[in-house]
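Accompanying notes for the structure given below.
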Amino acid sequence: MKFRSLAVAATAALSLTALAACGSSGGDDDAAAGPTTIDVWLMKGSVSDDFLKRFTDDFAAKHTDIKANVQIQEWNGIGPKIIGALASKDAPDVIEVGNTQVAQYSASGGVKDLTDKKADLKGDDWIEGLAGPGNYEGKQYGIPYYAANRVVLYRKDLFTAAGITAPPKTREEWLAATAKVNTGGNQGIYLPGQNFYVLSGFIWDEGGDLAVKEGDSWKGGLATPEALKGMDFYKQIQALGKGPKDSDEAKPTQTDVFAQGKIAQMIAVPGAAELIAAANPALKDKIGYFPIPGKTADKPGAVFTGGSDLIIPEASANQDAAYTFIKELAGEQWQTDLAKTMKYVPNRTSLAASVGADEGVAAMAAGAANGKATPNSPNWAAVEAKNPIKEYQTKVLTGGDPAAAAKAADEIITQALNTK
């Protein structure tokens, strides 16, 4: 699943050609006839108009033998469109896909293996939350593009009034600070009971996972001792507020709840602060950010990394030119520009400082160093469609037996992941 509430991103409305003409215009051997035209699908919201113009102008100047025809796609309904393109003989040359979707597309056999390009692209420096999902069955099909992840948004004024002089860096410090601000009519934290992405991070911190692969089969992992510890911490921190136990961050919209002024903390991407300030301008300068704390101060808590990878279809007639495009877009110059322009996390850990002085993005980049993704199975989307993890969370938070609830959820996860 693509993590779509990544940021309040600028909408790219550049439409260069009709989708009916999505196929490549000529092969790499057509140099005598003029520049090789490659068709590129980028997703709405991943780039702004000004960034795209800067990039495409620079690319055209550097690579006069390649004409990049960039088409902006809508996320809604993109899955079937990409599957159809991969199965066709007239596919685009580069496609941006959600990082957790790479396994599904790669399993079809329609995506080019780019393992031999990893060193050339500085792959040892990629953030794991993008590189891991891009690697399917030991081969690198997806090239990390950009990422975003959740941080803690907090009311600086409420922390100061409670005598908290610095953001917490460990779980224990976080619990203590949250308890201090959970008073006087204020909620220490607003954490809905079914935010399973946040739960995932707590589980990863304990050494567990949502599901694990054993041989050729998958098995749900919620009933393991490690995962149960993660759920126990979720229960502790969630209890220091009044978040609903039976819904997620969209019901009600948590930024609207925070904007009402009685919430000390919430967990979201930094861009959520813009929505809060739009609803309540009085909070504009009162919101700060810190990475979700880990078990020890030397490492932030694990976070789900949302974002995108870039793939080249096997049916592309211009794979060399497509790779040239990817190398530029995923390289240091344009990753740095993209991070500053769109407030994203760049694809390499060494570029984290490139986000500049933006406090929210800096906190996000720090957390991304310990970013992970959901189990890398082509069938993971089927798990999220049923989402037994959310039901499991509600059962535990409303007094149910954690082990029994986890076992029941694991059975559903196991069945979904092993369905052919």
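Residues are referred to by chain and number: the chain letter is A, B, ... according to the order shown in the structure tokens, the number counts from 1 in that chain, and ligands are numbered separately from 1 in the order shown.
For Gln415 (chain A), the non-local neighbours within 10 Å, defined as residues at least 5 positions apart in the same chain or in other chains and counting only C-alpha atoms, are Trp218, Lys219, Gly220, Ala382, Val383, Asp410 and Lys420 of chain A.
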Written selection (N, CA, C and O atoms) as a CSV table (one decimal), in the first residue's frame:
```
chain,number,residue,atom,x,y,z
A,218,TRP,N,4.1,-17.9,4.2
A,218,TRP,CA,4.0,-16.8,5.1
A,218,TRP,C,3.2,-17.2,6.4
A,218,TRP,O,2.3,-18.0,6.3
A,219,LYS,N,3.5,-16.5,7.5
A,219,LYS,CA,2.8,-16.8,8.7
A,219,LYS,C,2.6,-15.4,9.5
A,219,LYS,O,3.6,-14.7,9.6
A,220,GLY,N,1.4,-15.2,9.9
A,220,GLY,CA,1.2,-14.0,10.7
A,220,GLY,C,2.1,-14.0,12.0
A,220,GLY,O,2.3,-15.0,12.6
A,382,ALA,N,-3.9,-7.6,0.0
A,382,ALA,CA,-5.1,-8.4,0.5
A,382,ALA,C,-5.2,-8.4,2.0
A,382,ALA,O,-6.4,-8.4,2.5
A,383,VAL,N,-4.1,-8.3,2.7
A,383,VAL,CA,-4.2,-8.2,4.2
A,383,VAL,C,-4.8,-6.9,4.6
A,383,VAL,O,-5.7,-6.8,5.4
A,410,ASP,N,-3.7,-13.5,13.2
A,410,ASP,CA,-2.7,-14.2,12.5
A,410,ASP,C,-3.2,-15.2,11.5
A,410,ASP,O,-2.7,-15.4,10.4
A,420,LYS,N,-3.0,-18.3,-3.5
A,420,LYS,CA,-2.3,-18.2,-4.9
A,420,LYS,C,-3.2,-17.4,-5.8
A,420,LYS,O,-4.4,-17.5,-5.7
```
Which residues of region 129-195 of chain A come within 12 Å of region 231-236 of chain A, and what is each one's closest atom pair and distance in Å (one decimal), counting only C-alpha atoms, sorted by chain and residue number, as JSON lines?
```
{"residue": "A:Arg171", "atom": "CA", "partner": "A:Phe233", "partner_atom": "CA", "distance": 8.7}
{"residue": "A:Glu172", "atom": "CA", "partner": "A:Phe233", "partner_atom": "CA", "distance": 10.2}
{"residue": "A:Trp174", "atom": "CA", "partner": "A:Gln236", "partner_atom": "CA", "distance": 10.9}
{"residue": "A:Leu175", "atom": "CA", "partner": "A:Gln236", "partner_atom": "CA", "distance": 7.9}
{"residue": "A:Ala176", "atom": "CA", "partner": "A:Gln236", "partner_atom": "CA", "distance": 11.0}
{"residue": "A:Thr178", "atom": "CA", "partner": "A:Gln236", "partner_atom": "CA", "distance": 10.5}
{"residue": "A:Ala179", "atom": "CA", "partner": "A:Gln236", "partner_atom": "CA", "distance": 10.4}
{"residue": "A:Gly188", "atom": "CA", "partner": "A:Gln236", "partner_atom": "CA", "distance": 11.7}
{"residue": "A:Ile189", "atom": "CA", "partner": "A:Gln236", "partner_atom": "CA", "distance": 11.1}
{"residue": "A:Leu191", "atom": "CA", "partner": "A:Tyr234", "partner_atom": "CA", "distance": 9.0}
{"residue": "A:Pro192", "atom": "CA", "partner": "A:Tyr234", "partner_atom": "CA", "distance": 10.3}
{"residue": "A:Gly193", "atom": "CA", "partner": "A:Lys235", "partner_atom": "CA", "distance": 8.4}
{"residue": "A:Gln194", "atom": "CA", "partner": "A:Tyr234", "partner_atom": "CA", "distance": 10.2}
{"residue": "A:Asn195", "atom": "CA", "partner": "A:Tyr234", "partner_atom": "CA", "distance": 9.7}
```
File of the preceding selection, N, CA and C atoms, as a PDB file, in the first residue's frame:
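Below you can see again-v5.pdb, which holds the result:
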```pdb
ATOM      1  N   ARG A 171      11.419   5.654  24.996  1.00  0.00           N
ATOM      2  CA  ARG A 171      10.017   5.327  25.284  1.00  0.00           C
ATOM      3  C   ARG A 171       9.632   5.731  26.698  1.00  0.00           C
ATOM      4  N   GLU A 172      10.508   5.447  27.666  1.00  0.00           N
ATOM      5  CA  GLU A 172      10.180   5.765  29.056  1.00  0.00           C
ATOM      6  C   GLU A 172      10.039   7.274  29.249  1.00  0.00           C
ATOM      7  N   TRP A 174       9.192   9.326  26.968  1.00  0.00           N
ATOM      8  CA  TRP A 174       7.977   9.702  26.229  1.00  0.00           C
ATOM      9  C   TRP A 174       6.729   9.450  27.074  1.00  0.00           C
ATOM     10  N   LEU A 175       6.674   8.288  27.713  1.00  0.00           N
ATOM     11  CA  LEU A 175       5.528   7.990  28.581  1.00  0.00           C
ATOM     12  C   LEU A 175       5.433   8.994  29.721  1.00  0.00           C
ATOM     13  N   ALA A 176       6.581   9.322  30.326  1.00  0.00           N
ATOM     14  CA  ALA A 176       6.587  10.259  31.451  1.00  0.00           C
ATOM     15  C   ALA A 176       6.143  11.649  31.002  1.00  0.00           C
ATOM     16  N   THR A 178       4.319  12.410  28.381  1.00  0.00           N
ATOM     17  CA  THR A 178       2.916  12.362  27.971  1.00  0.00           C
ATOM     18  C   THR A 178       1.996  12.378  29.183  1.00  0.00           C
ATOM     19  N   ALA A 179       2.400  11.687  30.226  1.00  0.00           N
ATOM     20  CA  ALA A 179       1.605  11.691  31.459  1.00  0.00           C
ATOM     21  C   ALA A 179       1.553  13.090  32.073  1.00  0.00           C
ATOM     22  N   GLY A 188      -2.891  13.986  26.742  1.00  0.00           N
ATOM     23  CA  GLY A 188      -1.452  13.838  26.576  1.00  0.00           C
ATOM     24  C   GLY A 188      -1.081  13.514  25.136  1.00  0.00           C
ATOM     25  N   ILE A 189      -1.914  12.707  24.489  1.00  0.00           N
ATOM     26  CA  ILE A 189      -1.686  12.346  23.099  1.00  0.00           C
ATOM     27  C   ILE A 189      -3.021  11.924  22.493  1.00  0.00           C
ATOM     28  N   LEU A 191      -4.156   9.365  19.982  1.00  0.00           N
ATOM     29  CA  LEU A 191      -3.731   8.204  19.203  1.00  0.00           C
ATOM     30  C   LEU A 191      -4.931   7.279  19.007  1.00  0.00           C
ATOM     31  N   PRO A 192      -5.522   7.284  17.824  1.00  0.00           N
ATOM     32  CA  PRO A 192      -6.652   6.388  17.565  1.00  0.00           C
ATOM     33  C   PRO A 192      -6.233   4.929  17.746  1.00  0.00           C
ATOM     34  N   GLY A 193      -7.176   4.126  18.135  1.00  0.00           N
ATOM     35  CA  GLY A 193      -6.854   2.737  18.458  1.00  0.00           C
ATOM     36  C   GLY A 193      -6.438   1.878  17.290  1.00  0.00           C
ATOM     37  N   GLN A 194      -6.773   2.281  16.057  1.00  0.00           N
ATOM     38  CA  GLN A 194      -6.508   1.419  14.914  1.00  0.00           C
ATOM     39  C   GLN A 194      -5.430   1.958  13.981  1.00  0.00           C
ATOM     40  N   ASN A 195      -4.494   2.724  14.495  1.00  0.00           N
ATOM     41  CA  ASN A 195      -3.386   3.195  13.662  1.00  0.00           C
ATOM     42  C   ASN A 195      -2.341   2.079  13.606  1.00  0.00           C
TER      43      ASN A 195
END
```
Handout entry: Shortest interatomic distance to Thr36 (chain A) - which of A:Phe304, A:Tyr145, A:Phe325, A:Trp126, counting only C-alpha atoms
Key =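 Closest to Thr36 (chain A), using only C-alpha atoms: A:Phe325.
Within the 7 Å cut-off around region 282-299 of chain A, using only C-alpha atoms and omitting residues fewer than 6 positions from it on the same chain, the listed residues are Val151, Val152, Leu153, Tyr154, Arg155, Lys156, Asp157, Pro167, Pro168, Lys169, Thr170, Arg171, Trp174, Glu359, Gly360, Ala363, Met364, Ala366 and Gly367 of chain A.
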Problem - Neighbour list for region 388-393 of chain A as a ChimeraX atom specification, cut-off 10 Å, only C-alpha atoms, skip fewer than 2 positions in-chain - result: /A:192-197,199-200,210,222,231,234-235,245-248,383-386,395-398,400-413
Output N, CA, C and O atoms of each residue in that selection to a file, as a short mmCIF file (atom, residue, chain, number, x, y, z; two decimals), in the first residue's frame.
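And here's again06.cif as it stands now:
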```
data_model
loop_
_atom_site.label_atom_id
_atom_site.label_comp_id
_atom_site.auth_asym_id
_atom_site.auth_seq_id
_atom_site.Cartn_x
_atom_site.Cartn_y
_atom_site.Cartn_z
N PRO A 192 -5.52 7.28 17.82
CA PRO A 192 -6.65 6.39 17.56
C PRO A 192 -6.23 4.93 17.75
O PRO A 192 -5.08 4.56 17.50
N GLY A 193 -7.18 4.13 18.13
CA GLY A 193 -6.85 2.74 18.46
C GLY A 193 -6.44 1.88 17.29
O GLY A 193 -5.81 0.83 17.48
N GLN A 194 -6.77 2.28 16.06
CA GLN A 194 -6.51 1.42 14.91
C GLN A 194 -5.43 1.96 13.98
O GLN A 194 -5.41 1.65 12.79
N ASN A 195 -4.49 2.72 14.50
CA ASN A 195 -3.39 3.19 13.66
C ASN A 195 -2.34 2.08 13.61
O ASN A 195 -1.37 2.07 14.35
N PHE A 196 -2.54 1.15 12.68
CA PHE A 196 -1.69 -0.04 12.67
C PHE A 196 -0.28 0.24 12.15
O PHE A 196 0.64 -0.50 12.42
N TYR A 197 -0.09 1.34 11.43
CA TYR A 197 1.26 1.70 11.00
C TYR A 197 2.11 2.11 12.21
O TYR A 197 3.30 1.79 12.29
N LEU A 199 1.55 1.05 15.29
CA LEU A 199 1.77 -0.22 15.98
C LEU A 199 2.92 -1.00 15.33
O LEU A 199 3.75 -1.58 16.04
N SER A 200 3.00 -0.98 14.02
CA SER A 200 4.06 -1.70 13.33
C SER A 200 5.43 -1.27 13.83
O SER A 200 6.31 -2.11 14.07
N LEU A 210 4.85 -8.02 11.46
CA LEU A 210 3.44 -8.30 11.23
C LEU A 210 3.24 -9.70 10.66
O LEU A 210 2.22 -10.34 10.88
N LEU A 222 1.69 -11.59 14.75
CA LEU A 222 1.19 -10.80 15.86
C LEU A 222 1.20 -11.53 17.20
O LEU A 222 1.25 -10.89 18.25
N MET A 231 2.44 -4.31 21.07
CA MET A 231 1.04 -3.95 21.30
C MET A 231 0.83 -3.44 22.72
O MET A 231 0.02 -2.53 22.97
N TYR A 234 1.80 0.13 22.79
CA TYR A 234 0.75 0.91 22.12
C TYR A 234 -0.38 1.18 23.10
O TYR A 234 -0.90 2.31 23.17
N LYS A 235 -0.76 0.18 23.85
CA LYS A 235 -1.86 0.32 24.81
C LYS A 235 -1.51 1.34 25.89
O LYS A 235 -2.35 2.15 26.29
N LYS A 245 -11.01 3.94 20.40
CA LYS A 245 -10.37 2.63 20.35
C LYS A 245 -10.81 1.80 19.15
O LYS A 245 -10.21 0.77 18.85
N ASP A 246 -11.85 2.26 18.46
CA ASP A 246 -12.42 1.44 17.39
C ASP A 246 -12.38 2.11 16.01
O ASP A 246 -13.16 1.79 15.13
N SER A 247 -11.46 3.08 15.83
CA SER A 247 -11.34 3.70 14.51
C SER A 247 -9.90 4.16 14.31
O SER A 247 -9.09 4.13 15.24
N ASP A 248 -9.62 4.62 13.08
CA ASP A 248 -8.25 5.03 12.79
C ASP A 248 -8.14 6.55 12.73
O ASP A 248 -9.06 7.27 13.13
N VAL A 383 -4.13 -8.32 2.69
CA VAL A 383 -4.19 -8.22 4.16
C VAL A 383 -4.78 -6.88 4.56
O VAL A 383 -5.68 -6.80 5.41
N GLU A 384 -4.28 -5.82 3.95
CA GLU A 384 -4.77 -4.49 4.32
C GLU A 384 -6.23 -4.28 3.91
O GLU A 384 -6.94 -3.48 4.52
N ALA A 385 -6.66 -4.99 2.87
CA ALA A 385 -8.06 -4.88 2.45
C ALA A 385 -8.99 -5.39 3.55
O ALA A 385 -10.04 -4.80 3.83
N LYS A 386 -8.60 -6.50 4.19
CA LYS A 386 -9.40 -7.04 5.30
C LYS A 386 -9.01 -6.38 6.62
O LYS A 386 -9.83 -6.17 7.50
N LYS A 395 -9.73 -4.99 19.86
CA LYS A 395 -10.03 -6.03 20.86
C LYS A 395 -9.14 -5.89 22.08
O LYS A 395 -9.60 -5.99 23.22
N VAL A 396 -7.84 -5.64 21.86
CA VAL A 396 -6.91 -5.50 22.98
C VAL A 396 -7.22 -4.25 23.79
O VAL A 396 -7.25 -4.28 25.02
N LEU A 397 -7.46 -3.13 23.10
CA LEU A 397 -7.68 -1.86 23.79
C LEU A 397 -9.00 -1.83 24.54
O LEU A 397 -9.18 -1.02 25.46
N THR A 398 -9.93 -2.71 24.18
CA THR A 398 -11.22 -2.75 24.87
C THR A 398 -11.29 -3.91 25.88
O THR A 398 -12.37 -4.29 26.32
N GLY A 400 -9.86 -7.16 25.61
CA GLY A 400 -9.74 -8.53 25.15
C GLY A 400 -8.38 -9.13 25.46
O GLY A 400 -7.41 -8.42 25.73
N ASP A 401 -8.31 -10.45 25.41
CA ASP A 401 -7.06 -11.15 25.66
C ASP A 401 -6.12 -10.94 24.48
O ASP A 401 -6.44 -11.34 23.35
N PRO A 402 -4.94 -10.32 24.70
CA PRO A 402 -4.04 -10.01 23.58
C PRO A 402 -3.60 -11.23 22.80
O PRO A 402 -3.58 -11.21 21.56
N ALA A 403 -3.24 -12.30 23.50
CA ALA A 403 -2.73 -13.49 22.82
C ALA A 403 -3.80 -14.13 21.94
O ALA A 403 -3.54 -14.51 20.79
N ALA A 404 -5.02 -14.22 22.47
CA ALA A 404 -6.11 -14.82 21.70
C ALA A 404 -6.48 -13.96 20.50
O ALA A 404 -6.70 -14.47 19.40
N ALA A 405 -6.53 -12.64 20.71
CA ALA A 405 -6.87 -11.74 19.61
C ALA A 405 -5.78 -11.76 18.54
O ALA A 405 -6.08 -11.71 17.34
N ALA A 406 -4.53 -11.83 18.96
CA ALA A 406 -3.42 -11.89 18.01
C ALA A 406 -3.47 -13.18 17.20
O ALA A 406 -3.23 -13.17 15.98
N LYS A 407 -3.77 -14.27 17.84
CA LYS A 407 -3.84 -15.55 17.14
C LYS A 407 -4.94 -15.54 16.08
O LYS A 407 -4.74 -16.02 14.95
N ALA A 408 -6.07 -14.96 16.41
CA ALA A 408 -7.17 -14.89 15.45
C ALA A 408 -6.79 -14.02 14.25
O ALA A 408 -7.09 -14.36 13.10
N ALA A 409 -6.12 -12.90 14.51
CA ALA A 409 -5.69 -12.04 13.41
C ALA A 409 -4.62 -12.73 12.56
O ALA A 409 -4.63 -12.60 11.33
N ASP A 410 -3.73 -13.46 13.20
CA ASP A 410 -2.68 -14.17 12.47
C ASP A 410 -3.24 -15.19 11.49
O ASP A 410 -2.70 -15.40 10.40
N GLU A 411 -4.33 -15.82 11.87
CA GLU A 411 -4.94 -16.82 10.98
C GLU A 411 -5.42 -16.16 9.68
O GLU A 411 -5.25 -16.72 8.59
N ILE A 412 -5.99 -14.97 9.80
CA ILE A 412 -6.47 -14.25 8.62
C ILE A 412 -5.29 -13.78 7.77
O ILE A 412 -5.30 -13.88 6.54
N ILE A 413 -4.26 -13.26 8.44
CA ILE A 413 -3.07 -12.80 7.72
C ILE A 413 -2.41 -13.95 6.98
O ILE A 413 -2.04 -13.83 5.80
#
```
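In this structure, CA of Asn186 (chain A) sits 13.8 Å away from CA of Thr160 (chain A).
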For Val257 (chain A), work out the shell of residues within 10 Å, counting only C-alpha atoms and skipping chain neighbours fewer than 5 positions away, then give it as a PDB file with N, CA and C atoms, in the first residue's frame.
```pdb
ATOM      1  N   TYR A 190      -3.189  12.221  21.240  1.00  0.00           N
ATOM      2  CA  TYR A 190      -4.353  11.714  20.518  1.00  0.00           C
ATOM      3  C   TYR A 190      -3.858  10.607  19.603  1.00  0.00           C
ATOM      4  N   GLY A 243      -8.216   9.079  22.447  1.00  0.00           N
ATOM      5  CA  GLY A 243      -8.422   8.630  21.077  1.00  0.00           C
ATOM      6  C   GLY A 243      -9.387   7.464  21.030  1.00  0.00           C
ATOM      7  N   GLU A 249      -7.003   7.047  12.188  1.00  0.00           N
ATOM      8  CA  GLU A 249      -6.736   8.480  12.201  1.00  0.00           C
ATOM      9  C   GLU A 249      -7.620   9.283  11.246  1.00  0.00           C
ATOM     10  N   PRO A 252     -12.527  10.243  13.536  1.00  0.00           N
ATOM     11  CA  PRO A 252     -12.540  11.489  12.764  1.00  0.00           C
ATOM     12  C   PRO A 252     -11.134  11.859  12.294  1.00  0.00           C
ATOM     13  N   LYS A 262      -6.950  21.029  22.469  1.00  0.00           N
ATOM     14  CA  LYS A 262      -6.820  20.326  23.745  1.00  0.00           C
ATOM     15  C   LYS A 262      -5.934  19.088  23.653  1.00  0.00           C
ATOM     16  N   ILE A 263      -5.132  19.022  22.589  1.00  0.00           N
ATOM     17  CA  ILE A 263      -4.282  17.854  22.361  1.00  0.00           C
ATOM     18  C   ILE A 263      -2.824  18.267  22.472  1.00  0.00           C
ATOM     19  N   MET A 266       0.268  14.324  18.673  1.00  0.00           N
ATOM     20  CA  MET A 266      -0.316  13.357  17.767  1.00  0.00           C
ATOM     21  C   MET A 266       0.803  12.825  16.877  1.00  0.00           C
ATOM     22  N   ILE A 276      -3.547  21.612  10.375  1.00  0.00           N
ATOM     23  CA  ILE A 276      -3.941  22.071  11.703  1.00  0.00           C
ATOM     24  C   ILE A 276      -3.990  23.596  11.755  1.00  0.00           C
ATOM     25  N   ALA A 279      -6.934  25.112  10.046  1.00  0.00           N
ATOM     26  CA  ALA A 279      -8.168  24.992  10.825  1.00  0.00           C
ATOM     27  C   ALA A 279      -8.154  25.871  12.067  1.00  0.00           C
TER      28      ALA A 279
END
```
Exercise for the section: Fewer than 2 positions away in the same chain doesn't count, so skip those; otherwise give me all residues within 12 Å of Ala60 (chain A), counting only C-alpha atoms, as a list in words. Expected result: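 Skipping anything fewer than 2 positions along the chain leaves Pro35, Thr36, Thr37, Ile38, Leu52, Lys53, Arg54, Phe55, Thr56, Asp57, Asp58, Lys62, His63, Thr64, Asp65, Ile66, Lys67, Ala68, Asn69, Thr324, Phe325 and Glu328 of chain A.
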Exercise for the section: Run DSSP on the backbone and give me the residues of region 225-358 of chain A it puts in strand (DSSP E), as a list of chain:residue names. Expected result: A:Gln265, A:Met266, A:Ile267, A:Ala268, A:Ile287, A:Gly288, A:Tyr289, A:Phe290, A:Val303, A:Phe304, A:Gly306, A:Gly307, A:Ser308, A:Asp309, A:Leu310, A:Ile311, A:Val345, A:Pro346
